[in-house]
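Enquirer: Sending over a structure as structure tokens; questions will come in a sec.
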Amino acid sequence: MSSLDIQTYSEVVASSWKRCQQYGLKPTDPFDDRLLTGKLFHERLKENTTLVRHASQIFDTIEPFIQQSGQTALLIDAQGCILHAAGDPGFSKRAEAVQLQVGAVWDEQRKGTNAIGIAITDKIPIRVHAAEHFYRANAFLTCASSPIFSPTGELIGVINFSGRRESYHHYSLTLAVMVAESLQNRLLLEEAKQDHLVTLQELEFTASHNPLPLLSLDRDNRIIRANQAALRAVGKDALGKPFTGIEGFSVQTIQDSSRTVWRSVAVRKPQGSRHGLYSFSDIAGTCLNFEEKKELASKAALTDIPVLLLGESGTGKELFAQSIHSASLRADRPFIAVNCGAIPDSLVESEWFGYERGAFTGANREGSTGKFEAAHTGTIFLDEIGDMSLRAQAALLRVLQERTVTPVGSTKSRRIDVRIVAATHKHLPLEIKEGRFRADLYYRLKGIQITLPSLRERSDLLTLVEHWLHKNGCPHRQLPEETKHKLLRYGWPGNIRELHGILIQASFLAGEGPIRPEHLHFDELDQTDVVEFRHDGPTVPTLRDAEIGAIRRALKSTGWNLSKSAALLDIGRTTLYRKIEQYGIEP
């Protein structure tokens, strides 16, 4: 691969390729196929006994899921040696052909660019997909890795999820990060328990409230251990320093018979701490699918991993973005929302990065602060990212990679620290295939991907109607059965936003009386906007519902292999792509 080709990859992968070239490796070389066996391997296992024990317990819990997804889960030590594996036997056999197996060492100098090697070298979560691997023999793989850190912040290993590139799963990196953090918390608690620094009650409380910032302090109030969530709050260089508290969060003090034991616990701020922003308690819904999305988002809020919110217009993506900020360690810092699709190309740099005094004709005399700098230490919400031009995407990728901004008219760069939450109603993998969206930007944004269900996919429509009526001063407003029937039959292309608009008009037309069917005015109600009303028993589904169901079943049965799915459905691959985009179908 030439240096020009490397530029098409993310900055992290490109840096790894350059290191491999400096090592003297070539993509067509035979790779190192030696395995650690016998005494050498057993010594590695002995050195990592605790790590292997906890990892194997976690892998046992999720093994059915790993097998179903066609992947292998791996535990790797800090030197790149694979210590433990679990998952799909079919894929594991294929992986053994390139020594992706217990006893193999996957550092960069042996295996070239790969997710395990980058996680060890750069100490960051990373996904390496297909041809991003340095050795061509590994191009059939998609691998996601997350580093594991000790309670004192040292790299002690890596969690990896690998599978065939055709069976790519967007959630693999998220899962790797979650397993690594779970391992870190287990190690922290076990070490604290062995040192008698934590009571049984505290351990039980902690086990049910992960992932939270956890600290262990000695008698002089110095921080001696901290998990990654705590280090994000107090600073990565805080170990060994006196603990002075975490702004906006409480510290629970637990005493035993001989000493005072401290642990910092993240406590959500009181409602209204950030005027005008929503929190998760403001988002109504009893649908199980929707509740699961809220739970995932609330867990994601306690990390700094980028979040990508997907879903049709009106499903509540900005409410989720605000709630993630409100529940995060950055809740008292700025929340800046940007409609990426509404910024003209000519103004992208000045809007995002700001400009100096006199930078261009018509500029504010005093200059202007850009959106990213305004969001410094807080959260920036990038809405409608799927509508950005390629020029704007390149500018955004640059700031996400470098974590610096340079205002227009200035020669000085400024460091920024922002949490990224992005949203779009578009099917980005298809946009990438059609050349309208950059793959490297997509992978930068989709750390934790959350797809919000459309209103027609939810089971709590009438509950939402009642909630709105109660919230807007009409708790006793009657809804006759024929009104409920009409509400349930409508397809709601505008989702929650449309529901609220229709209820506002209906309440006005109904006066003090019940809301009757004639008070509900839908826009261009036709057969494509109607779903079959389901009340007490099975009914014939609409053509739309039947088509969506058939596509979902085909995709699920083939592990989202689009060629195989199209063959099962007896349609062309291009037609399948179009329908996936049309219906907003996501994994």
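Ordering of the structure tokens sets the chain letters (A, B, ...); residue numbers start at 1 within each chain; ligands are numbered from 1 in the order shown.
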Tell me, as a ChimeraX atom specification, which residues lie within 8 Å of range 479-487 of chain A, counting only C-alpha atoms; anything in the same chain fewer than 6 positions away does not count.

Expert: /A:462,514-517,533

Enquirer: Please, could you write that set of residues out with N, CA and C atoms as a PDB file, in the first residue's frame?

Expert:
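After the write, part-v1.pdb holds the following:
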ATOM      1  N   LEU A 462     -51.060   4.680  22.976  1.00  0.00           N
ATOM      2  CA  LEU A 462     -52.135   5.259  23.783  1.00  0.00           C
ATOM      3  C   LEU A 462     -51.614   5.771  25.119  1.00  0.00           C
ATOM      4  N   PRO A 514     -64.961  15.268  24.783  1.00  0.00           N
ATOM      5  CA  PRO A 514     -64.050  14.188  24.410  1.00  0.00           C
ATOM      6  C   PRO A 514     -63.453  14.426  23.025  1.00  0.00           C
ATOM      7  N   ILE A 515     -62.267  13.869  22.792  1.00  0.00           N
ATOM      8  CA  ILE A 515     -61.644  13.941  21.470  1.00  0.00           C
ATOM      9  C   ILE A 515     -62.247  12.846  20.609  1.00  0.00           C
ATOM     10  N   ARG A 516     -62.969  13.264  19.582  1.00  0.00           N
ATOM     11  CA  ARG A 516     -63.636  12.314  18.716  1.00  0.00           C
ATOM     12  C   ARG A 516     -62.818  12.126  17.424  1.00  0.00           C
ATOM     13  N   PRO A 517     -63.094  11.075  16.656  1.00  0.00           N
ATOM     14  CA  PRO A 517     -62.313  10.803  15.442  1.00  0.00           C
ATOM     15  C   PRO A 517     -62.241  11.983  14.485  1.00  0.00           C
ATOM     16  N   PHE A 533     -54.917  -2.357  12.576  1.00  0.00           N
ATOM     17  CA  PHE A 533     -55.260  -2.208  13.987  1.00  0.00           C
ATOM     18  C   PHE A 533     -55.272  -3.570  14.666  1.00  0.00           C
TER      19      PHE A 533
END

Enquirer: Report as a list in words all protein, DNA and RNA residues lying within 7 Å of range 325-342 of chain A, evaluated on only C-alpha atoms, omitting residues in the same chain fewer than 2 positions from it.

Expert: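 What passes the distance filter is Ala233, Arg268, Arg274, Ser279, Ser298, Ala301, Leu302, Ala321, Gln322, Ser323, Pro344, Lys371, Ala375, Thr377, Gly378, Thr379, Ile380, Phe381, Leu382, Asp383, Glu384, Ile385, Asp387 and Met388 of chain A.
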
Enquirer: For the atom pair CA of Gln79 in chain A and CA of Glu166 in chain A, what is the interatomic distance in Å to one decimal place?

Expert: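 Rounded to one decimal, the two atoms are 29.0 Å apart.
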
Enquirer: What's around Ala130 in chain A at 8 Å? Count only C-alpha atoms, leave out sequence neighbours fewer than 4 positions away in its own chain, and write the answer as a tab-separated table (two decimals) with N, CA, C and O atoms, in the first residue's frame.

Expert:
chain	number	residue	atom	x	y	z
A	138	ASN	N	-5.13	-11.35	6.48
A	138	ASN	CA	-6.08	-11.04	7.55
A	138	ASN	C	-7.25	-10.19	7.08
A	138	ASN	O	-8.10	-9.80	7.89
A	139	ALA	N	-7.32	-9.92	5.78
A	139	ALA	CA	-8.36	-9.01	5.26
A	139	ALA	C	-9.76	-9.60	5.34
A	139	ALA	O	-10.74	-8.88	5.15
A	140	PHE	N	-9.89	-10.89	5.65
A	140	PHE	CA	-11.22	-11.49	5.78
A	140	PHE	C	-11.83	-11.19	7.15
A	140	PHE	O	-12.99	-11.52	7.41
A	141	LEU	N	-11.08	-10.50	8.02
A	141	LEU	CA	-11.50	-10.28	9.40
A	141	LEU	C	-12.08	-8.89	9.63
A	141	LEU	O	-11.71	-7.92	8.96
A	142	THR	N	-12.98	-8.80	10.60
A	142	THR	CA	-13.34	-7.54	11.24
A	142	THR	C	-13.11	-7.75	12.74
A	142	THR	O	-13.67	-8.69	13.31
A	165	ARG	N	-15.54	-10.47	7.88
A	165	ARG	CA	-15.90	-9.10	7.51
A	165	ARG	C	-17.32	-9.02	6.97
A	165	ARG	O	-17.99	-8.00	7.12

Enquirer: Using only C-alpha atoms, which of the listed residues (A:Ser15, A:Asn561, A:Thr406, A:Thr303) sits closest to Glu351 in chain A?

Expert: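 Smallest separation from Glu351 in chain A among the options: A:Thr406.
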
Enquirer: Between CA of Ile416 in chain A and CA of Leu231 in chain A, what is the spacing in Å?

Expert: 18.2 Å

Enquirer: Between A:Glu291, A:Ser167, A:Val105, A:Lys471, which one has atoms that come closest to Ser563 in chain A, using only C-alpha atoms?

Expert: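 Nearest candidate to Ser563 in chain A out of A:Glu291, A:Ser167, A:Val105, A:Lys471: A:Ser167.
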
Enquirer: Excluding same-chain residues fewer than 6 positions from range 557-560 of chain A, what lies within 9 Å of it counting only C-alpha atoms, as number ranges by chain?

Expert: A: 68-70, 166-169, 587

Enquirer: Please, could you write that set of residues out with N, CA and C atoms as a PDB file, in the first residue's frame?

Expert:
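Once everything was written out, this is again-v8.pdb:
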ATOM      1  N   GLN A  68     -24.069 -16.959  18.321  1.00  0.00           N
ATOM      2  CA  GLN A  68     -25.137 -16.598  17.387  1.00  0.00           C
ATOM      3  C   GLN A  68     -24.663 -15.526  16.406  1.00  0.00           C
ATOM      4  N   SER A  69     -23.784 -14.643  16.848  1.00  0.00           N
ATOM      5  CA  SER A  69     -23.303 -13.565  15.979  1.00  0.00           C
ATOM      6  C   SER A  69     -22.151 -14.017  15.090  1.00  0.00           C
ATOM      7  N   GLY A  70     -21.696 -15.267  15.261  1.00  0.00           N
ATOM      8  CA  GLY A  70     -20.632 -15.785  14.416  1.00  0.00           C
ATOM      9  C   GLY A  70     -19.270 -15.204  14.723  1.00  0.00           C
ATOM     10  N   GLU A 166     -17.818 -10.107   6.343  1.00  0.00           N
ATOM     11  CA  GLU A 166     -19.191 -10.106   5.828  1.00  0.00           C
ATOM     12  C   GLU A 166     -20.216 -10.110   6.958  1.00  0.00           C
ATOM     13  N   SER A 167     -19.808 -10.587   8.117  1.00  0.00           N
ATOM     14  CA  SER A 167     -20.715 -10.665   9.270  1.00  0.00           C
ATOM     15  C   SER A 167     -20.476  -9.503  10.221  1.00  0.00           C
ATOM     16  N   TYR A 168     -20.100  -8.365   9.662  1.00  0.00           N
ATOM     17  CA  TYR A 168     -19.784  -7.182  10.459  1.00  0.00           C
ATOM     18  C   TYR A 168     -20.942  -6.806  11.378  1.00  0.00           C
ATOM     19  N   HIS A 169     -20.623  -6.534  12.647  1.00  0.00           N
ATOM     20  CA  HIS A 169     -21.621  -6.107  13.634  1.00  0.00           C
ATOM     21  C   HIS A 169     -21.187  -4.766  14.219  1.00  0.00           C
ATOM     22  N   PRO A 587     -29.558  -3.096  12.098  1.00  0.00           N
ATOM     23  CA  PRO A 587     -29.252  -4.345  12.809  1.00  0.00           C
ATOM     24  C   PRO A 587     -29.786  -4.320  14.229  1.00  0.00           C
TER      25      PRO A 587
END

Enquirer: Taking only range 440-473 of chain A into account, list the residues labelled strand (DSSP E or B) by DSSP (computed from the backbone), as a list in words.

Expert: Ile448, Gln449, Ile450 and Thr451 of chain A

Enquirer: Based on the backbone DSSP call, show me all residues of range 286-483 of chain A assigned helix (DSSP H, G or I), as number ranges by chain.

Expert: A: 288-301, 317-326, 340-342, 345-353, 371-374, 385-387, 390-402, 428-433, 439-445, 455-457, 461-471, 481-483

Enquirer: One decimal, Å: what's the distance from CA of Thr575 in chain A over to CA of Leu308 in chain A, could you say?

Expert: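 Distance reported for this atom pair: 26.1 Å.
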
Enquirer: Hey, what's within 10 Å of Thr152 in chain A if we count only C-alpha atoms and toss same-chain stuff fewer than 3 positions away? As a PDB file with N, CA, C and O atoms, in the first residue's frame, please?

Expert:
ATOM      1  N   PHE A 149      -7.309  -1.920  31.844  1.00  0.00           N
ATOM      2  CA  PHE A 149      -6.357  -1.246  32.727  1.00  0.00           C
ATOM      3  C   PHE A 149      -6.501  -1.755  34.158  1.00  0.00           C
ATOM      4  O   PHE A 149      -7.607  -2.086  34.611  1.00  0.00           O
ATOM      5  N   LEU A 155      -1.749  -0.755  31.668  1.00  0.00           N
ATOM      6  CA  LEU A 155      -2.320  -1.665  30.680  1.00  0.00           C
ATOM      7  C   LEU A 155      -2.001  -3.103  31.076  1.00  0.00           C
ATOM      8  O   LEU A 155      -0.841  -3.460  31.273  1.00  0.00           O
ATOM      9  N   LEU A 188     -10.863  -4.040  40.387  1.00  0.00           N
ATOM     10  CA  LEU A 188     -10.806  -2.987  41.395  1.00  0.00           C
ATOM     11  C   LEU A 188     -11.456  -3.442  42.695  1.00  0.00           C
ATOM     12  O   LEU A 188     -10.899  -3.298  43.786  1.00  0.00           O
ATOM     13  N   ILE A 223      -5.798   9.119  46.637  1.00  0.00           N
ATOM     14  CA  ILE A 223      -6.402   8.157  45.714  1.00  0.00           C
ATOM     15  C   ILE A 223      -5.388   7.054  45.428  1.00  0.00           C
ATOM     16  O   ILE A 223      -4.295   7.313  44.912  1.00  0.00           O
ATOM     17  N   ILE A 224      -5.723   5.811  45.787  1.00  0.00           N
ATOM     18  CA  ILE A 224      -4.808   4.700  45.532  1.00  0.00           C
ATOM     19  C   ILE A 224      -5.307   3.778  44.423  1.00  0.00           C
ATOM     20  O   ILE A 224      -4.535   3.011  43.858  1.00  0.00           O
ATOM     21  N   ARG A 225      -6.601   3.835  44.109  1.00  0.00           N
ATOM     22  CA  ARG A 225      -7.164   3.062  43.003  1.00  0.00           C
ATOM     23  C   ARG A 225      -8.303   3.854  42.383  1.00  0.00           C
ATOM     24  O   ARG A 225      -8.976   4.619  43.066  1.00  0.00           O
ATOM     25  N   ALA A 226      -8.540   3.629  41.105  1.00  0.00           N
ATOM     26  CA  ALA A 226      -9.665   4.292  40.440  1.00  0.00           C
ATOM     27  C   ALA A 226      -9.980   3.552  39.165  1.00  0.00           C
ATOM     28  O   ALA A 226      -9.073   3.123  38.451  1.00  0.00           O
ATOM     29  N   ASN A 227     -11.277   3.377  38.888  1.00  0.00           N
ATOM     30  CA  ASN A 227     -11.623   2.795  37.594  1.00  0.00           C
ATOM     31  C   ASN A 227     -11.610   3.898  36.534  1.00  0.00           C
ATOM     32  O   ASN A 227     -11.398   5.080  36.820  1.00  0.00           O
ATOM     33  N   GLN A 228     -11.831   3.511  35.285  1.00  0.00           N
ATOM     34  CA  GLN A 228     -11.701   4.475  34.189  1.00  0.00           C
ATOM     35  C   GLN A 228     -12.742   5.585  34.262  1.00  0.00           C
ATOM     36  O   GLN A 228     -12.468   6.735  33.919  1.00  0.00           O
ATOM     37  N   LEU A 239      -3.934   9.552  40.498  1.00  0.00           N
ATOM     38  CA  LEU A 239      -3.487   8.502  41.416  1.00  0.00           C
ATOM     39  C   LEU A 239      -2.334   9.007  42.274  1.00  0.00           C
ATOM     40  O   LEU A 239      -1.362   9.581  41.788  1.00  0.00           O
ATOM     41  N   GLY A 240      -2.477   8.767  43.595  1.00  0.00           N
ATOM     42  CA  GLY A 240      -1.456   9.205  44.541  1.00  0.00           C
ATOM     43  C   GLY A 240      -1.667  10.598  45.073  1.00  0.00           C
ATOM     44  O   GLY A 240      -0.992  11.032  46.012  1.00  0.00           O
TER      45      GLY A 240
END

Enquirer: Using only C-alpha atoms, find the one residue out of A:Gly90, A:Ile448, A:Ser368, A:Ala55 that sits nearest to Asn185 in chain A.

Expert: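 Comparing A:Gly90, A:Ile448, A:Ser368, A:Ala55 against Asn185 in chain A, the winner is A:Ala55.
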
Enquirer: Write out as a list in words each polymer residue whose atoms come within 8 Å of Glu349 in chain A, counting only C-alpha atoms; drop sequence neighbours fewer than 3 positions from it.

Expert: Ser346, Trp352, Phe353, Gly354, Ala395, Pro407 and Val408 of chain A

Enquirer: If you keep N, CA and C atoms, can you produce a file of those selected residues as an mmCIF file, in the first residue's frame?

Expert:
data_model
loop_
_atom_site.group_PDB
_atom_site.id
_atom_site.type_symbol
_atom_site.label_atom_id
_atom_site.label_comp_id
_atom_site.auth_asym_id
_atom_site.auth_seq_id
_atom_site.Cartn_x
_atom_site.Cartn_y
_atom_site.Cartn_z
ATOM 1 N N SER A 346 -19.699 27.209 2.531
ATOM 2 C CA SER A 346 -18.798 28.354 2.652
ATOM 3 C C SER A 346 -18.634 28.818 4.096
ATOM 4 N N TRP A 352 -18.053 26.240 12.795
ATOM 5 C CA TRP A 352 -17.554 25.211 13.703
ATOM 6 C C TRP A 352 -16.329 25.647 14.493
ATOM 7 N N PHE A 353 -15.414 26.357 13.822
ATOM 8 C CA PHE A 353 -14.137 26.662 14.457
ATOM 9 C C PHE A 353 -13.982 28.121 14.874
ATOM 10 N N GLY A 354 -14.947 28.976 14.470
ATOM 11 C CA GLY A 354 -14.875 30.388 14.828
ATOM 12 C C GLY A 354 -13.955 31.154 13.892
ATOM 13 N N ALA A 395 -13.859 18.349 7.153
ATOM 14 C CA ALA A 395 -13.537 19.307 8.217
ATOM 15 C C ALA A 395 -13.870 18.730 9.590
ATOM 16 N N PRO A 407 -9.263 28.728 14.456
ATOM 17 C CA PRO A 407 -10.228 29.706 13.946
ATOM 18 C C PRO A 407 -9.778 30.289 12.608
ATOM 19 N N VAL A 408 -10.751 30.618 11.783
ATOM 20 C CA VAL A 408 -10.449 31.239 10.497
ATOM 21 C C VAL A 408 -9.704 32.554 10.745
#

Enquirer: Which is closest to Ala230 in chain A among A:Glu154, A:Glu318, A:Glu181, A:Glu586, if we use only C-alpha atoms?

Expert: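 Using only C-alpha atoms, the shortest distance to Ala230 in chain A belongs to A:Glu181.
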
Enquirer: Between A:Leu397, A:Ile450, A:Ala506, A:Leu469, which has the minimum distance to Glu295 in chain A (counting only C-alpha atoms)?

Expert: A:Ile450
